[in-house]
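Enquirer: What follows is a single structure, and I will ask about it in a moment.
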Amino acid sequence: MSSATDLAETKHAGEDGSTLEAPPAEPQPQRPQPPLSTKTSRSLSASTDGLVLFDLTNEVGGTLAFSPHCMKSIIDLKLLGVGYERQRLSFVQVRRDLEKRIGQGVTVPSLELSDGSHLTDSWKIAEYLEAKHPRGFLLFPNSAVKSYAASLNEFGKLLAPHIGALTIPQIAQKLDEPSREYFIDSKIGQARFGRLSGLGEEEKEGHVQSAKKMLGIVESSLACEAAKADAGSVQSGGNRWLAGTELPSHADACLFGWYCYTRSAGDAATREIWFEHEHLKKWVKDMIQWCGPEITNDLI
Ligand SMILES: N[C@@H](CCC(=O)N[C@@H](CS)C(=O)NCC(=O)O)C(=O)O
């Protein structure tokens, strides 16, 4: 049986070069989420100060990034300039090692705080950062942005079956053997996996068109932002983020996660879904540029 120390550090995102002390290696009982402590609020800075982000990759020691939800937290942390240790885990490492460390059924992203407690949901991580970071307001500059981000978070669940139909067989191929077995047998299920692997071109195109049509909602709202800028009612010339903010917000993080996930479906499908809407195409390009190679180099 492996211990929690089997979780290998795959990347150190802090800016001070310090190494984190590993939390105790003994299996930990599952514990309720503790209240947010003021101790950790002081530690949210550019330096790596006890924060560990557990995210998903394709194989032990891998760097490929395809999880829509993990990408949301990666963008939030970048937006605030928070340093953290990034531990990229395969599916099997999540199920085996992270479960031992955090608790049964844990999902990623999970953020470990300096007091050893964990936040195990991308929305909760965003709200924690909002509350505890001096510039946390950037994630949700006002209540309208927060509602829009919440809608986009839910919207992702509607997109997921269409994009997933295209990506699931492709992702399976990129996983290491034990994770592929878990992915097919336990996560997706053999029957569904078999169905998705056998989709014909027409069915795949149906999913592409459905996803594209759904993204028309976002295209319309980006078009409104563009029209406002053209009419001079908001500052023009810069990038147009989803909620009309000056910098990306958690709304952008929520949608960009799904773009990153779509890339597993291949170039042609990704372009058809995301690049046939004019404003959305520009937004994706702006997000890619804003993220920079430190994030985008790992995308499939
Ligand atoms: N509510 C979660 C969803 C997280 C989630 O579903 N994560 C997936 C990866 S994208 C996961 O941990 N899967 C592990 C597994 O299925 O075993 C969030 O937004 O953080």
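Residues are named by chain letter and number: chains run A, B, ... in the order of the structure tokens, numbers start at 1 in each chain, and ligands are numbered from 1 in the order shown.
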What parts of range 41-282 of chain A does DSSP call helix (DSSP H, G or I)? I'd like the answer as a PyMOL selection string.

Expert: chain A and resi 41-42+68-80+91-101+122-132+136-138+143-174+177-188+190-197+201-230+250-265+267-274+278-282

Enquirer: Show me, as a tab-separated table, the residues of chain A having an atom within 9 Å of ligand 1, each with the closest atom pair and its distance in Å, using only C-alpha atoms and all ligand atoms.

Expert:
```
residue	atom	partner	partner_atom_place_in_ligand_line	distance
A:Asp55	CA	ligand 1	9 (C)	7.8
A:Leu56	CA	ligand 1	9 (C)	6.4
A:Phe66	CA	ligand 1	10 (S)	7.7
A:Ser67	CA	ligand 1	10 (S)	4.2
A:Pro68	CA	ligand 1	10 (S)	5.5
A:His69	CA	ligand 1	19 (O)	4.8
A:Cys70	CA	ligand 1	10 (S)	6.4
A:Met71	CA	ligand 1	10 (S)	8.8
A:Lys72	CA	ligand 1	19 (O)	8.0
A:Ser73	CA	ligand 1	20 (O)	8.4
A:Ser90	CA	ligand 1	14 (C)	8.9
A:Phe91	CA	ligand 1	17 (O)	5.6
A:Val92	CA	ligand 1	17 (O)	7.5
A:Val94	CA	ligand 1	14 (C)	6.4
A:Arg95	CA	ligand 1	17 (O)	5.8
A:Gly105	CA	ligand 1	17 (O)	7.5
A:Val106	CA	ligand 1	12 (O)	6.7
A:Thr107	CA	ligand 1	12 (O)	3.2
A:Val108	CA	ligand 1	12 (O)	3.9
A:Pro109	CA	ligand 1	20 (O)	5.3
A:Ser110	CA	ligand 1	20 (O)	7.4
A:Thr120	CA	ligand 1	20 (O)	6.2
A:Asp121	CA	ligand 1	20 (O)	3.4
A:Ser122	CA	ligand 1	20 (O)	3.7
A:Trp123	CA	ligand 1	19 (O)	5.9
A:Lys124	CA	ligand 1	20 (O)	7.8
A:Ile125	CA	ligand 1	20 (O)	8.2
A:Asn153	CA	ligand 1	19 (O)	8.0
A:Tyr182	CA	ligand 1	17 (O)	8.1
A:Phe183	CA	ligand 1	16 (O)	7.6
A:Ser186	CA	ligand 1	17 (O)	8.4
A:Lys187	CA	ligand 1	16 (O)	5.7
A:Ile188	CA	ligand 1	16 (O)	8.6
A:Cys254	CA	ligand 1	19 (O)	9.0
A:Tyr261	CA	ligand 1	10 (S)	8.8
```

Enquirer: Using C-alpha atoms, can you write the selected residues to a file as an mmCIF file, in the first residue's frame?

Expert:
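New file out.cif:
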```
data_model
loop_
_atom_site.group_PDB
_atom_site.id
_atom_site.type_symbol
_atom_site.label_atom_id
_atom_site.label_comp_id
_atom_site.auth_asym_id
_atom_site.auth_seq_id
_atom_site.Cartn_x
_atom_site.Cartn_y
_atom_site.Cartn_z
ATOM 1 C CA ASP A 55 -4.728 18.510 -9.965
ATOM 2 C CA LEU A 56 -5.185 15.841 -12.586
ATOM 3 C CA PHE A 66 -7.239 18.226 -19.397
ATOM 4 C CA SER A 67 -9.429 18.613 -16.300
ATOM 5 C CA PRO A 68 -11.929 21.467 -16.764
ATOM 6 C CA HIS A 69 -12.365 21.969 -13.032
ATOM 7 C CA CYS A 70 -8.657 22.005 -12.157
ATOM 8 C CA MET A 71 -8.089 24.626 -14.838
ATOM 9 C CA LYS A 72 -10.559 26.918 -13.079
ATOM 10 C CA SER A 73 -8.434 26.939 -9.910
ATOM 11 C CA SER A 90 -3.108 10.393 -12.254
ATOM 12 C CA PHE A 91 -6.653 9.092 -11.697
ATOM 13 C CA VAL A 92 -5.272 6.174 -9.710
ATOM 14 C CA VAL A 94 -6.306 10.550 -6.825
ATOM 15 C CA ARG A 95 -8.303 7.462 -5.902
ATOM 16 C CA GLY A 105 -14.553 10.230 -2.811
ATOM 17 C CA VAL A 106 -12.236 13.232 -3.003
ATOM 18 C CA THR A 107 -12.111 15.054 -6.333
ATOM 19 C CA VAL A 108 -9.620 17.450 -7.849
ATOM 20 C CA PRO A 109 -8.939 20.295 -7.751
ATOM 21 C CA SER A 110 -8.255 20.076 -4.029
ATOM 22 C CA THR A 120 -12.174 20.118 -2.479
ATOM 23 C CA ASP A 121 -14.251 21.970 -5.018
ATOM 24 C CA SER A 122 -13.247 24.616 -7.563
ATOM 25 C CA TRP A 123 -16.121 26.947 -6.643
ATOM 26 C CA LYS A 124 -15.312 26.678 -2.926
ATOM 27 C CA ILE A 125 -11.654 27.332 -3.715
ATOM 28 C CA ASN A 153 -20.338 26.881 -13.710
ATOM 29 C CA TYR A 182 -10.018 2.767 -13.633
ATOM 30 C CA PHE A 183 -11.308 5.362 -16.113
ATOM 31 C CA SER A 186 -15.165 2.492 -12.822
ATOM 32 C CA LYS A 187 -15.471 6.125 -13.854
ATOM 33 C CA ILE A 188 -17.138 5.922 -17.265
ATOM 34 C CA CYS A 254 -15.223 28.542 -15.525
ATOM 35 C CA TYR A 261 -11.084 19.951 -21.885
#
```

Enquirer: Between A:Asp267, A:Lys213, A:Glu272, A:Ser249, which one has atoms that come closest to Leu299 in chain A, using only C-alpha atoms?

Expert: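 Under the stated criterion, the closest residue is A:Asp267.
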
Enquirer: Tell me, which residues of range 59-295 of chain A carry DSSP strand (DSSP E), written as a PDB file with N, CA and C atoms, in the first residue's frame?

Expert:
```pdb
ATOM      1  N   GLY A  83       1.289  31.968  -4.947  1.00  0.00           N
ATOM      2  CA  GLY A  83       2.232  30.867  -5.147  1.00  0.00           C
ATOM      3  C   GLY A  83       1.700  29.600  -4.495  1.00  0.00           C
ATOM      4  N   TYR A  84       1.999  28.500  -5.090  1.00  0.00           N
ATOM      5  CA  TYR A  84       1.522  27.229  -4.531  1.00  0.00           C
ATOM      6  C   TYR A  84       2.354  26.095  -5.114  1.00  0.00           C
ATOM      7  N   GLU A  85       2.294  24.989  -4.433  1.00  0.00           N
ATOM      8  CA  GLU A  85       2.936  23.787  -4.964  1.00  0.00           C
ATOM      9  C   GLU A  85       1.874  23.028  -5.751  1.00  0.00           C
ATOM     10  N   ARG A  86       2.228  22.645  -6.960  1.00  0.00           N
ATOM     11  CA  ARG A  86       1.241  21.952  -7.789  1.00  0.00           C
ATOM     12  C   ARG A  86       1.576  20.470  -7.857  1.00  0.00           C
ATOM     13  N   GLN A  87       0.670  19.650  -7.420  1.00  0.00           N
ATOM     14  CA  GLN A  87       0.898  18.209  -7.502  1.00  0.00           C
ATOM     15  C   GLN A  87      -0.093  17.621  -8.488  1.00  0.00           C
ATOM     16  N   ARG A  88       0.465  17.109  -9.580  1.00  0.00           N
ATOM     17  CA  ARG A  88      -0.391  16.565 -10.634  1.00  0.00           C
ATOM     18  C   ARG A  88      -0.475  15.067 -10.440  1.00  0.00           C
ATOM     19  N   LEU A  89      -1.692  14.597 -10.353  1.00  0.00           N
ATOM     20  CA  LEU A  89      -1.914  13.192 -10.025  1.00  0.00           C
ATOM     21  C   LEU A  89      -2.656  12.487 -11.147  1.00  0.00           C
ATOM     22  N   SER A 110      -8.178  19.964  -5.482  1.00  0.00           N
ATOM     23  CA  SER A 110      -8.255  20.076  -4.029  1.00  0.00           C
ATOM     24  C   SER A 110      -7.120  20.998  -3.616  1.00  0.00           C
ATOM     25  N   LEU A 111      -7.434  21.924  -2.749  1.00  0.00           N
ATOM     26  CA  LEU A 111      -6.405  22.862  -2.283  1.00  0.00           C
ATOM     27  C   LEU A 111      -6.112  22.566  -0.818  1.00  0.00           C
ATOM     28  N   GLU A 112      -4.855  22.255  -0.550  1.00  0.00           N
ATOM     29  CA  GLU A 112      -4.447  22.022   0.835  1.00  0.00           C
ATOM     30  C   GLU A 112      -3.936  23.342   1.398  1.00  0.00           C
ATOM     31  N   HIS A 118      -8.373  21.103   3.886  1.00  0.00           N
ATOM     32  CA  HIS A 118      -8.521  21.035   2.423  1.00  0.00           C
ATOM     33  C   HIS A 118      -9.826  21.653   1.938  1.00  0.00           C
ATOM     34  N   LEU A 119      -9.754  22.233   0.748  1.00  0.00           N
ATOM     35  CA  LEU A 119     -10.963  22.658   0.034  1.00  0.00           C
ATOM     36  C   LEU A 119     -11.014  21.777  -1.203  1.00  0.00           C
TER      37      LEU A 119
END
```

Enquirer: Can you work out which one of A:Ala253, A:Leu222, A:Leu158, A:Ile273 has the shortest atom-to-atom distance to Phe140 in chain A, counting only C-alpha atoms?

Expert: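 Smallest separation from Phe140 in chain A among the options: A:Ala253.
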
Enquirer: Return the single residue from A:Ser179, A:Thr57, A:Thr270, A:Ser114 that is closest to Ala211 in chain A, with distances computed using only C-alpha atoms.

Expert: A:Thr270

Enquirer: Considering only C-alpha atoms, return as a PDB file with C-alpha atoms, in the first residue's frame whatever protein or nucleic-acid residues lie within 9 Å of Gln104 in chain A, sequence-local ones (same chain, fewer than 4 positions apart) excluded.

Expert:
```
ATOM      1  CA  GLN A  30     -11.850  12.100   6.861  1.00  0.00           C
ATOM      2  CA  ARG A  95      -8.303   7.462  -5.902  1.00  0.00           C
ATOM      3  CA  LEU A  98      -5.298  11.544  -2.316  1.00  0.00           C
ATOM      4  CA  GLU A  99      -8.181   9.599  -0.782  1.00  0.00           C
ATOM      5  CA  LYS A 100      -5.844   8.518   1.994  1.00  0.00           C
TER       6      LYS A 100
END
```

Enquirer: Measuring atom to atom with only C-alpha atoms, identify which of A:Ser151, A:Gln190, A:Ser197, A:Thr167 is nearest to Ile217 in chain A.

Expert: A:Ser151

Enquirer: Which residues are close to range 237-246 of chain A, i.e. within 12 Å by only C-alpha atoms, leaving aside same-chain residues fewer than 6 positions away? Reply as a ChimeraX atom specification.

Expert: /A:79,137-152,217-231,252-256,279-290

Enquirer: Give the answer as one residue: which of A:Asn58, A:Ser210, A:Thr63, A:Thr262 has the shortest atom-to-atom distance to Ile295 in chain A, using only C-alpha atoms?

Expert: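 Looking only at the distances to Ile295 in chain A, the closest residue turns out to be A:Thr63.
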
Enquirer: What's the separation between CA of Lys157 in chain A and CA of Lys204 in chain A, in Å to one decimal place?

Expert: 18.5 Å
